[in-house]
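Raw input.pdb, PDB, C-alpha atoms, pLDDT in the B column:
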MODEL        1
ATOM      1  CA  MET M   1       0.000   0.000   0.000  1.00 50.00           C
ATOM      2  CA  LYS M   2       1.202   3.478  -0.841  1.00 51.00           C
ATOM      3  CA  GLU M   3       2.299   5.523   2.187  1.00 53.00           C
ATOM      4  CA  ALA M   4       0.641   8.922   2.558  1.00 49.00           C
ATOM      5  CA  THR M   5       2.785  11.967   2.282  1.00 53.00           C
ATOM      6  CA  ARG M   6       2.136  15.081   4.297  1.00 53.00           C
ATOM      7  CA  GLY M   7      -1.290  16.546   3.552  1.00 52.00           C
ATOM      8  CA  GLU M   8      -2.373  13.764   1.201  1.00 54.00           C
ATOM      9  CA  PRO M   9      -5.078  11.258   2.144  1.00 51.00           C
ATOM     10  CA  ASN M  10      -3.941   7.644   2.527  1.00 54.00           C
ATOM     11  CA  ASN M  11      -6.959   6.125   0.779  1.00 52.00           C
ATOM     12  CA  ALA M  12     -10.462   6.940  -0.436  1.00 49.00           C
ATOM     13  CA  ALA M  13     -11.935   6.317   3.028  1.00 49.00           C
ATOM     14  CA  ASP M  14      -9.738   9.054   4.504  1.00 48.00           C
ATOM     15  CA  VAL M  15     -10.950  11.550   1.891  1.00 48.00           C
ATOM     16  CA  GLY M  16     -14.608  10.847   2.625  1.00 48.00           C
ATOM     17  CA  SER M  17     -14.228  10.986   6.411  1.00 48.00           C
ATOM     18  CA  GLY M  18     -12.676  14.435   6.416  1.00 48.00           C
ATOM     19  CA  ILE M  19      -9.537  13.204   8.196  1.00 47.00           C
ATOM     20  CA  LEU M  20      -6.235  14.181   6.685  1.00 46.00           C
ATOM     21  CA  ALA M  21      -3.083  12.119   6.973  1.00 45.00           C
ATOM     22  CA  GLU M  22      -1.814  14.809   9.407  1.00 54.00           C
ATOM     23  CA  GLY M  23      -4.440  13.619  11.891  1.00 52.00           C
ATOM     24  CA  GLY M  24      -6.590  16.766  12.234  1.00 58.00           C
ATOM     25  CA  PRO M  25     -10.306  16.966  11.393  1.00 64.00           C
ATOM     26  CA  ASN M  26     -11.137  19.009   8.329  1.00 68.00           C
ATOM     27  CA  VAL M  27     -14.797  20.050   8.207  1.00 70.00           C
ATOM     28  CA  THR M  28     -14.922  22.575   5.373  1.00 75.00           C
ATOM     29  CA  GLY M  29     -11.592  22.142   3.677  1.00 76.00           C
ATOM     30  CA  SER M  30     -10.392  25.551   4.825  1.00 81.00           C
ATOM     31  CA  LEU M  31      -8.659  26.286   8.104  1.00 81.00           C
ATOM     32  CA  TRP M  32     -10.202  29.794   8.276  1.00 82.00           C
ATOM     33  CA  TRP M  33     -13.763  28.553   7.774  1.00 83.00           C
ATOM     34  CA  ASP M  34     -13.199  25.848  10.383  1.00 81.00           C
ATOM     35  CA  LEU M  35     -11.874  28.482  12.795  1.00 81.00           C
ATOM     36  CA  LEU M  36     -14.790  30.828  12.101  1.00 82.00           C
ATOM     37  CA  ILE M  37     -17.343  28.045  12.641  1.00 85.00           C
ATOM     38  CA  SER M  38     -15.624  26.995  15.880  1.00 82.00           C
ATOM     39  CA  VAL M  39     -15.580  30.553  17.273  1.00 78.00           C
ATOM     40  CA  ALA M  40     -19.239  31.086  16.307  1.00 79.00           C
ATOM     41  CA  ALA M  41     -20.213  27.814  17.984  1.00 80.00           C
ATOM     42  CA  ALA M  42     -18.313  28.775  21.155  1.00 78.00           C
ATOM     43  CA  LEU M  43     -20.066  32.175  21.249  1.00 74.00           C
ATOM     44  CA  VAL M  44     -23.482  30.556  20.826  1.00 78.00           C
ATOM     45  CA  ILE M  45     -22.747  28.087  23.630  1.00 80.00           C
ATOM     46  CA  ALA M  46     -21.578  30.907  25.942  1.00 73.00           C
ATOM     47  CA  TRP M  47     -24.676  32.969  25.087  1.00 71.00           C
ATOM     48  CA  VAL M  48     -27.009  30.050  25.813  1.00 75.00           C
ATOM     49  CA  ALA M  49     -25.202  29.389  29.102  1.00 73.00           C
ATOM     50  CA  LEU M  50     -25.655  33.039  30.121  1.00 66.00           C
ATOM     51  CA  ILE M  51     -29.368  32.921  29.294  1.00 66.00           C
ATOM     52  CA  VAL M  52     -29.765  29.749  31.354  1.00 72.00           C
ATOM     53  CA  VAL M  53     -27.945  31.315  34.325  1.00 66.00           C
ATOM     54  CA  LEU M  54     -30.061  34.483  34.135  1.00 61.00           C
ATOM     55  CA  ALA M  55     -33.249  32.419  33.832  1.00 66.00           C
ATOM     56  CA  ILE M  56     -32.306  30.409  36.934  1.00 66.00           C
ATOM     57  CA  VAL M  57     -31.157  33.419  38.985  1.00 60.00           C
ATOM     58  CA  LYS M  58     -34.089  35.650  38.084  1.00 61.00           C
ATOM     59  CA  PRO M  59     -33.853  39.151  39.496  1.00 57.00           C
ATOM     60  CA  ARG M  60     -36.474  39.782  42.182  1.00 59.00           C
ATOM     61  CA  LYS M  61     -39.734  41.417  41.115  1.00 61.00           C
ATOM     62  CA  GLY M  62     -39.527  45.160  40.766  1.00 61.00           C
ATOM     63  CA  LEU M  63     -35.739  45.181  40.563  1.00 60.00           C
ATOM     64  CA  LEU M  64     -35.631  45.850  36.830  1.00 59.00           C
ATOM     65  CA  LYS M  65     -38.395  48.476  37.011  1.00 66.00           C
ATOM     66  CA  GLU M  66     -36.477  50.314  39.707  1.00 67.00           C
ATOM     67  CA  ALA M  67     -33.224  50.004  37.782  1.00 66.00           C
ATOM     68  CA  ILE M  68     -34.807  51.322  34.576  1.00 67.00           C
ATOM     69  CA  ARG M  69     -36.278  54.264  36.476  1.00 75.00           C
ATOM     70  CA  LEU M  70     -32.763  55.145  37.725  1.00 79.00           C
ATOM     71  CA  LEU M  71     -31.153  54.747  34.295  1.00 79.00           C
ATOM     72  CA  PRO M  72     -30.977  58.452  33.295  1.00 85.00           C
ATOM     73  CA  ASP M  73     -29.353  59.385  36.621  1.00 88.00           C
ATOM     74  CA  VAL M  74     -26.971  56.416  36.425  1.00 87.00           C
ATOM     75  CA  LEU M  75     -25.870  57.428  32.917  1.00 86.00           C
ATOM     76  CA  ARG M  76     -25.194  60.993  34.093  1.00 89.00           C
ATOM     77  CA  LEU M  77     -23.331  59.588  37.118  1.00 92.00           C
ATOM     78  CA  VAL M  78     -21.127  57.380  34.943  1.00 91.00           C
ATOM     79  CA  ARG M  79     -20.397  60.282  32.568  1.00 91.00           C
ATOM     80  CA  ARG M  80     -19.497  62.603  35.471  1.00 93.00           C
ATOM     81  CA  LEU M  81     -17.295  60.005  37.144  1.00 92.00           C
ATOM     82  CA  SER M  82     -15.489  59.213  33.886  1.00 91.00           C
ATOM     83  CA  ALA M  83     -14.658  62.928  33.471  1.00 91.00           C
ATOM     84  CA  ASP M  84     -13.324  63.294  37.037  1.00 92.00           C
ATOM     85  CA  LYS M  85      -9.538  63.652  36.752  1.00 92.00           C
ATOM     86  CA  SER M  86      -9.099  62.926  40.478  1.00 92.00           C
ATOM     87  CA  LEU M  87     -10.068  59.278  39.868  1.00 92.00           C
ATOM     88  CA  SER M  88      -7.436  56.822  38.712  1.00 92.00           C
ATOM     89  CA  ARG M  89      -7.055  56.140  35.009  1.00 93.00           C
ATOM     90  CA  GLY M  90      -8.175  52.517  35.489  1.00 92.00           C
ATOM     91  CA  VAL M  91     -11.458  53.581  37.114  1.00 93.00           C
ATOM     92  CA  ARG M  92     -12.134  56.155  34.396  1.00 93.00           C
ATOM     93  CA  LEU M  93     -11.334  53.577  31.702  1.00 93.00           C
ATOM     94  CA  ARG M  94     -13.862  51.127  33.197  1.00 92.00           C
ATOM     95  CA  LEU M  95     -16.497  53.846  33.175  1.00 92.00           C
ATOM     96  CA  VAL M  96     -15.780  54.866  29.575  1.00 92.00           C
ATOM     97  CA  LEU M  97     -15.943  51.215  28.479  1.00 90.00           C
ATOM     98  CA  LEU M  98     -19.259  50.890  30.323  1.00 89.00           C
ATOM     99  CA  LEU M  99     -20.646  53.917  28.453  1.00 88.00           C
ATOM    100  CA  VAL M 100     -19.470  52.442  25.137  1.00 87.00           C
ATOM    101  CA  TYR M 101     -21.101  49.093  25.988  1.00 84.00           C
ATOM    102  CA  LEU M 102     -24.394  50.750  26.960  1.00 82.00           C
ATOM    103  CA  ALA M 103     -24.410  52.878  23.792  1.00 82.00           C
ATOM    104  CA  SER M 104     -23.516  49.918  21.584  1.00 81.00           C
ATOM    105  CA  PRO M 105     -26.368  48.154  19.781  1.00 77.00           C
ATOM    106  CA  ILE M 106     -24.634  44.822  20.459  1.00 79.00           C
ATOM    107  CA  ASP M 107     -25.614  43.193  23.762  1.00 77.00           C
ATOM    108  CA  LEU M 108     -24.802  39.889  25.424  1.00 76.00           C
ATOM    109  CA  ILE M 109     -28.550  39.232  25.462  1.00 76.00           C
ATOM    110  CA  PRO M 110     -30.671  41.222  22.979  1.00 77.00           C
ATOM    111  CA  ASP M 111     -32.995  43.725  24.655  1.00 74.00           C
ATOM    112  CA  PHE M 112     -36.070  42.400  22.846  1.00 75.00           C
ATOM    113  CA  ILE M 113     -35.979  39.245  25.013  1.00 73.00           C
ATOM    114  CA  PRO M 114     -38.395  39.960  27.885  1.00 71.00           C
ATOM    115  CA  VAL M 115     -36.819  40.528  31.318  1.00 67.00           C
ATOM    116  CA  LEU M 116     -33.463  38.955  30.443  1.00 71.00           C
ATOM    117  CA  GLY M 117     -32.712  41.523  27.722  1.00 73.00           C
ATOM    118  CA  TYR M 118     -32.261  44.337  30.209  1.00 73.00           C
ATOM    119  CA  ALA M 119     -30.924  42.167  33.030  1.00 74.00           C
ATOM    120  CA  ASP M 120     -27.485  41.813  31.446  1.00 78.00           C
ATOM    121  CA  ASP M 121     -27.132  45.609  31.243  1.00 79.00           C
ATOM    122  CA  ALA M 122     -28.158  45.987  34.894  1.00 78.00           C
ATOM    123  CA  ILE M 123     -25.691  43.285  35.969  1.00 80.00           C
ATOM    124  CA  ILE M 124     -22.794  44.888  34.079  1.00 84.00           C
ATOM    125  CA  VAL M 125     -23.606  48.378  35.437  1.00 85.00           C
ATOM    126  CA  THR M 126     -23.779  46.936  38.964  1.00 84.00           C
ATOM    127  CA  ALA M 127     -20.420  45.186  38.605  1.00 87.00           C
ATOM    128  CA  VAL M 128     -18.712  48.333  37.305  1.00 89.00           C
ATOM    129  CA  LEU M 129     -20.255  50.551  39.986  1.00 89.00           C
ATOM    130  CA  ARG M 130     -19.156  48.136  42.718  1.00 89.00           C
ATOM    131  CA  SER M 131     -15.648  48.233  41.285  1.00 89.00           C
ATOM    132  CA  VAL M 132     -15.672  52.051  41.202  1.00 90.00           C
ATOM    133  CA  VAL M 133     -16.931  52.265  44.785  1.00 89.00           C
ATOM    134  CA  ARG M 134     -14.230  49.860  45.978  1.00 89.00           C
ATOM    135  CA  ARG M 135     -11.544  51.997  44.312  1.00 90.00           C
ATOM    136  CA  ALA M 136     -12.890  55.542  44.796  1.00 89.00           C
ATOM    137  CA  GLY M 137     -15.212  55.275  47.793  1.00 89.00           C
ATOM    138  CA  LEU M 138     -18.946  55.707  48.222  1.00 91.00           C
ATOM    139  CA  SER M 139     -18.584  59.386  49.116  1.00 91.00           C
ATOM    140  CA  THR M 140     -16.992  60.129  45.728  1.00 91.00           C
ATOM    141  CA  VAL M 141     -19.839  58.397  43.914  1.00 91.00           C
ATOM    142  CA  ARG M 142     -22.355  60.254  46.112  1.00 92.00           C
ATOM    143  CA  SER M 143     -20.754  63.619  45.317  1.00 93.00           C
ATOM    144  CA  HIS M 144     -21.281  63.003  41.574  1.00 93.00           C
ATOM    145  CA  TRP M 145     -24.867  61.663  41.921  1.00 92.00           C
ATOM    146  CA  PRO M 146     -27.199  63.941  39.919  1.00 91.00           C
ATOM    147  CA  GLY M 147     -30.478  62.620  41.321  1.00 86.00           C
ATOM    148  CA  THR M 148     -32.361  62.717  44.598  1.00 85.00           C
ATOM    149  CA  ASP M 149     -31.328  61.212  47.923  1.00 86.00           C
ATOM    150  CA  ASP M 150     -34.031  58.570  47.497  1.00 83.00           C
ATOM    151  CA  GLY M 151     -32.608  57.716  44.079  1.00 84.00           C
ATOM    152  CA  PHE M 152     -29.124  57.298  45.536  1.00 88.00           C
ATOM    153  CA  ALA M 153     -30.506  55.102  48.309  1.00 86.00           C
ATOM    154  CA  ALA M 154     -32.215  52.962  45.655  1.00 83.00           C
ATOM    155  CA  LEU M 155     -28.971  52.769  43.661  1.00 85.00           C
ATOM    156  CA  THR M 156     -26.959  51.628  46.675  1.00 86.00           C
ATOM    157  CA  ARG M 157     -29.624  49.049  47.511  1.00 81.00           C
ATOM    158  CA  LEU M 158     -29.856  47.729  43.922  1.00 75.00           C
ATOM    159  CA  ALA M 159     -26.098  47.589  43.408  1.00 78.00           C
ATOM    160  CA  GLY M 160     -25.437  46.144  46.863  1.00 80.00           C
ATOM    161  CA  LEU M 161     -23.202  49.056  47.816  1.00 79.00           C
ATOM    162  CA  THR M 162     -22.861  49.112  51.584  1.00 71.00           C
ATOM    163  CA  LYS M 163     -20.862  51.365  53.861  1.00 61.00           C
ATOM    164  CA  GLN M 164     -19.104  48.316  55.297  1.00 50.00           C
ATOM    165  CA  HIS M 165     -16.911  47.574  52.255  1.00 46.00           C
ATOM    166  CA  THR M 166     -16.760  51.063  50.750  1.00 47.00           C
ATOM    167  CA  ASP M 167     -15.537  53.347  53.537  1.00 49.00           C
ATOM    168  CA  ASN M 168     -11.814  52.864  52.970  1.00 50.00           C
ATOM    169  CA  PRO M 169     -10.896  52.702  49.288  1.00 53.00           C
ATOM    170  CA  PRO M 170      -7.403  51.395  48.549  1.00 51.00           C
ATOM    171  CA  ALA M 171      -4.730  53.974  47.812  1.00 51.00           C
ATOM    172  CA  ASP M 172      -3.658  54.119  44.169  1.00 48.00           C
ATOM    173  CA  LYS M 173      -0.056  53.294  43.494  1.00 41.00           C
TER
ENDMDL
END
What would you get if you wrote out this structure as structure tokens?
Amino acid sequence: MKEATRGEPNNAADVGSGILAEGGPNVTGSLWWDLLISVAAALVIAWVALIVVLAIVKPRKGLLKEAIRLLPDVLRLVRRLSADKSLSRGVRLRLVLLLVYLASPIDLIPDFIPVLGYADDAIIVTAVLRSVVRRAGLSTVRSHWPGTDDGFAALTRLAGLTKQHTDNPPADK
């Protein structure tokens, strides 16, 4: 029997099975198409996993309504904080990236999906705000808050920002 050289199939069965003599699977015949299909499949799997997690860990009733009501003030807060030169560059970068994400039409979960569509935005805003409070302190965030005291109280409750872990922000190096 003829021995296969590099890249050539050994027999007709190898050609039909999509297995090259090098040992790697070949789905489309092109490495780039195979890579593109693999990345797309991984993104779909990650997206489905996120939807399942959000469906299991449903936000409590009223949480999204309250968060949506605070949205204009939160956007102004994020813009003001991102323009504050007294904050570290890393904090301001997080805030700018958050604004870009919120303005972008591309979402982890499309907004037309009921409840879950807006939940991913609320979760990302909460994570960034917690990070900012840990680095800059709750008093800094409060000084930039454009809304009412009740609105700020609602924001701290929704985002889980407590005095306990926000009083002493770490010093920037």
Nearest residue to Val78 (chain M) from the set M:Ala119, M:Val132, M:Val44, M:Val27 (distances using only C-alpha atoms) | M:Val132
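When CA of Phe112 (chain M) is paired with CA of Val52 (chain M), their separation reads 16.5 Å.
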Residues near Ser143 (chain M), cut-off 10 Å, all atoms listed in the file, skip fewer than 5 positions along chain, as number ranges by chain | M: 77, 80-81, 138
Output file for the residues above (C-alpha atoms, as a PDB file, in the frame of the given file):
ATOM      1  CA  LEU M  77     -23.331  59.588  37.118  1.00 92.00           C
ATOM      2  CA  ARG M  80     -19.497  62.603  35.471  1.00 93.00           C
ATOM      3  CA  LEU M  81     -17.295  60.005  37.144  1.00 92.00           C
ATOM      4  CA  LEU M 138     -18.946  55.707  48.222  1.00 91.00           C
TER       5      LEU M 138
END
Best match for closeness to Asp120 (chain M) among M:Gly151, M:Ser88, M:Trp47, M:Gly160, counting all atoms listed in the file = M:Trp47
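The nearest approach to Val125 (chain M) among the residues M:Asp84, M:Ser104, M:Val74, M:His144, with all atoms listed in the file taken into account, belongs to M:Val74.
Across M:Ile124, M:Ala136, M:Ala49, M:Tyr118, the tightest approach to Gly90 (chain M) is made by M:Ala136 when counting all atoms listed in the file.
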Hey, which of M:Thr162, M:Leu102, M:Pro146, M:Pro114 ends up closest to Arg134 (chain M)? Count all atoms listed in the file.
-> M:Thr162
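Taking CA of Leu161 (chain M) and CA of Asp107 (chain M) as endpoints, the distance between them is 24.9 Å.
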Could you state the separation of CA of Ile113 (chain M) and CA of Tyr101 (chain M) in Å, given to one decimal place?
-> 17.9 Å
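Considering the residues M:Leu93, M:Trp145, M:Leu158, M:Gly29 and counting all atoms listed in the file, Ala122 (chain M) has its shortest atom-to-atom contact with M:Leu158.
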As AutoDock Vina command-line options: centre and edge lengths in Å, one decimal, of the axis-aligned box holding region 120-126 of chain M with 5 Å per side:
--center_x -25.5 --center_y 45.1 --center_z 35.1 --size_x 15.4 --size_y 16.6 --size_z 17.7
Since the input is missing atoms for region 88-113 of chain M, could you rebuild it with N, CA and C atoms and give the result as a PDB file, in the coordinates of the input?
ATOM      1  N   SER M  88      -8.542  57.475  39.422  1.00 92.00           N
ATOM      2  CA  SER M  88      -7.436  56.822  38.712  1.00 92.00           C
ATOM      3  C   SER M  88      -7.832  56.538  37.263  1.00 92.00           C
ATOM      4  N   ARG M  89      -6.830  56.400  36.437  1.00 93.00           N
ATOM      5  CA  ARG M  89      -7.055  56.140  35.009  1.00 93.00           C
ATOM      6  C   ARG M  89      -7.805  54.828  34.798  1.00 93.00           C
ATOM      7  N   GLY M  90      -7.498  53.816  35.614  1.00 92.00           N
ATOM      8  CA  GLY M  90      -8.175  52.517  35.489  1.00 92.00           C
ATOM      9  C   GLY M  90      -9.665  52.621  35.768  1.00 92.00           C
ATOM     10  N   VAL M  91     -10.037  53.394  36.786  1.00 93.00           N
ATOM     11  CA  VAL M  91     -11.458  53.581  37.114  1.00 93.00           C
ATOM     12  C   VAL M  91     -12.158  54.320  35.979  1.00 93.00           C
ATOM     13  N   ARG M  92     -11.522  55.385  35.495  1.00 93.00           N
ATOM     14  CA  ARG M  92     -12.134  56.155  34.396  1.00 93.00           C
ATOM     15  C   ARG M  92     -12.250  55.310  33.133  1.00 93.00           C
ATOM     16  N   LEU M  93     -11.278  54.450  32.876  1.00 93.00           N
ATOM     17  CA  LEU M  93     -11.334  53.577  31.702  1.00 93.00           C
ATOM     18  C   LEU M  93     -12.507  52.607  31.809  1.00 93.00           C
ATOM     19  N   ARG M  94     -12.709  52.021  32.994  1.00 92.00           N
ATOM     20  CA  ARG M  94     -13.862  51.127  33.197  1.00 92.00           C
ATOM     21  C   ARG M  94     -15.167  51.849  32.903  1.00 92.00           C
ATOM     22  N   LEU M  95     -15.264  53.080  33.368  1.00 92.00           N
ATOM     23  CA  LEU M  95     -16.497  53.846  33.175  1.00 92.00           C
ATOM     24  C   LEU M  95     -16.720  54.199  31.705  1.00 92.00           C
ATOM     25  N   VAL M  96     -15.655  54.563  31.010  1.00 92.00           N
ATOM     26  CA  VAL M  96     -15.780  54.866  29.575  1.00 92.00           C
ATOM     27  C   VAL M  96     -16.181  53.609  28.813  1.00 92.00           C
ATOM     28  N   LEU M  97     -15.577  52.474  29.141  1.00 90.00           N
ATOM     29  CA  LEU M  97     -15.943  51.215  28.479  1.00 90.00           C
ATOM     30  C   LEU M  97     -17.397  50.845  28.776  1.00 90.00           C
ATOM     31  N   LEU M  98     -17.853  51.135  29.990  1.00 89.00           N
ATOM     32  CA  LEU M  98     -19.259  50.890  30.323  1.00 89.00           C
ATOM     33  C   LEU M  98     -20.168  51.760  29.462  1.00 89.00           C
ATOM     34  N   LEU M  99     -19.835  53.033  29.303  1.00 88.00           N
ATOM     35  CA  LEU M  99     -20.646  53.917  28.453  1.00 88.00           C
ATOM     36  C   LEU M  99     -20.677  53.421  27.004  1.00 88.00           C
ATOM     37  N   VAL M 100     -19.536  52.977  26.510  1.00 87.00           N
ATOM     38  CA  VAL M 100     -19.470  52.442  25.137  1.00 87.00           C
ATOM     39  C   VAL M 100     -20.345  51.200  25.019  1.00 87.00           C
ATOM     40  N   TYR M 101     -20.280  50.306  26.016  1.00 84.00           N
ATOM     41  CA  TYR M 101     -21.101  49.093  25.988  1.00 84.00           C
ATOM     42  C   TYR M 101     -22.593  49.440  26.002  1.00 84.00           C
ATOM     43  N   LEU M 102     -22.974  50.380  26.867  1.00 82.00           N
ATOM     44  CA  LEU M 102     -24.394  50.750  26.960  1.00 82.00           C
ATOM     45  C   LEU M 102     -24.886  51.433  25.692  1.00 82.00           C
ATOM     46  N   ALA M 103     -24.016  52.185  25.028  1.00 82.00           N
ATOM     47  CA  ALA M 103     -24.410  52.878  23.792  1.00 82.00           C
ATOM     48  C   ALA M 103     -24.389  51.942  22.586  1.00 82.00           C
ATOM     49  N   SER M 104     -23.661  50.855  22.697  1.00 81.00           N
ATOM     50  CA  SER M 104     -23.516  49.918  21.584  1.00 81.00           C
ATOM     51  C   SER M 104     -24.819  49.151  21.336  1.00 81.00           C
ATOM     52  N   PRO M 105     -25.163  48.942  20.070  1.00 77.00           N
ATOM     53  CA  PRO M 105     -26.368  48.154  19.781  1.00 77.00           C
ATOM     54  C   PRO M 105     -26.168  46.656  20.017  1.00 77.00           C
ATOM     55  N   ILE M 106     -24.937  46.241  20.240  1.00 79.00           N
ATOM     56  CA  ILE M 106     -24.634  44.822  20.459  1.00 79.00           C
ATOM     57  C   ILE M 106     -24.663  44.542  21.954  1.00 79.00           C
ATOM     58  N   ASP M 107     -25.464  43.575  22.361  1.00 77.00           N
ATOM     59  CA  ASP M 107     -25.614  43.193  23.762  1.00 77.00           C
ATOM     60  C   ASP M 107     -25.312  41.710  23.917  1.00 77.00           C
ATOM     61  N   LEU M 108     -24.971  41.321  25.150  1.00 76.00           N
ATOM     62  CA  LEU M 108     -24.802  39.889  25.424  1.00 76.00           C
ATOM     63  C   LEU M 108     -26.121  39.166  25.201  1.00 76.00           C
ATOM     64  N   ILE M 109     -27.211  39.766  25.684  1.00 76.00           N
ATOM     65  CA  ILE M 109     -28.550  39.232  25.462  1.00 76.00           C
ATOM     66  C   ILE M 109     -29.359  40.353  24.828  1.00 76.00           C
ATOM     67  N   PRO M 110     -29.928  40.147  23.655  1.00 77.00           N
ATOM     68  CA  PRO M 110     -30.671  41.222  22.979  1.00 77.00           C
ATOM     69  C   PRO M 110     -31.802  41.760  23.854  1.00 77.00           C
ATOM     70  N   ASP M 111     -32.017  43.074  23.798  1.00 74.00           N
ATOM     71  CA  ASP M 111     -32.995  43.725  24.655  1.00 74.00           C
ATOM     72  C   ASP M 111     -34.434  43.346  24.335  1.00 74.00           C
ATOM     73  N   PHE M 112     -34.695  42.770  23.172  1.00 75.00           N
ATOM     74  CA  PHE M 112     -36.070  42.400  22.846  1.00 75.00           C
ATOM     75  C   PHE M 112     -36.526  41.127  23.567  1.00 75.00           C
ATOM     76  N   ILE M 113     -35.604  40.420  24.225  1.00 73.00           N
ATOM     77  CA  ILE M 113     -35.979  39.245  25.013  1.00 73.00           C
ATOM     78  C   ILE M 113     -36.531  39.745  26.347  1.00 73.00           C
TER      79      ILE M 113
END
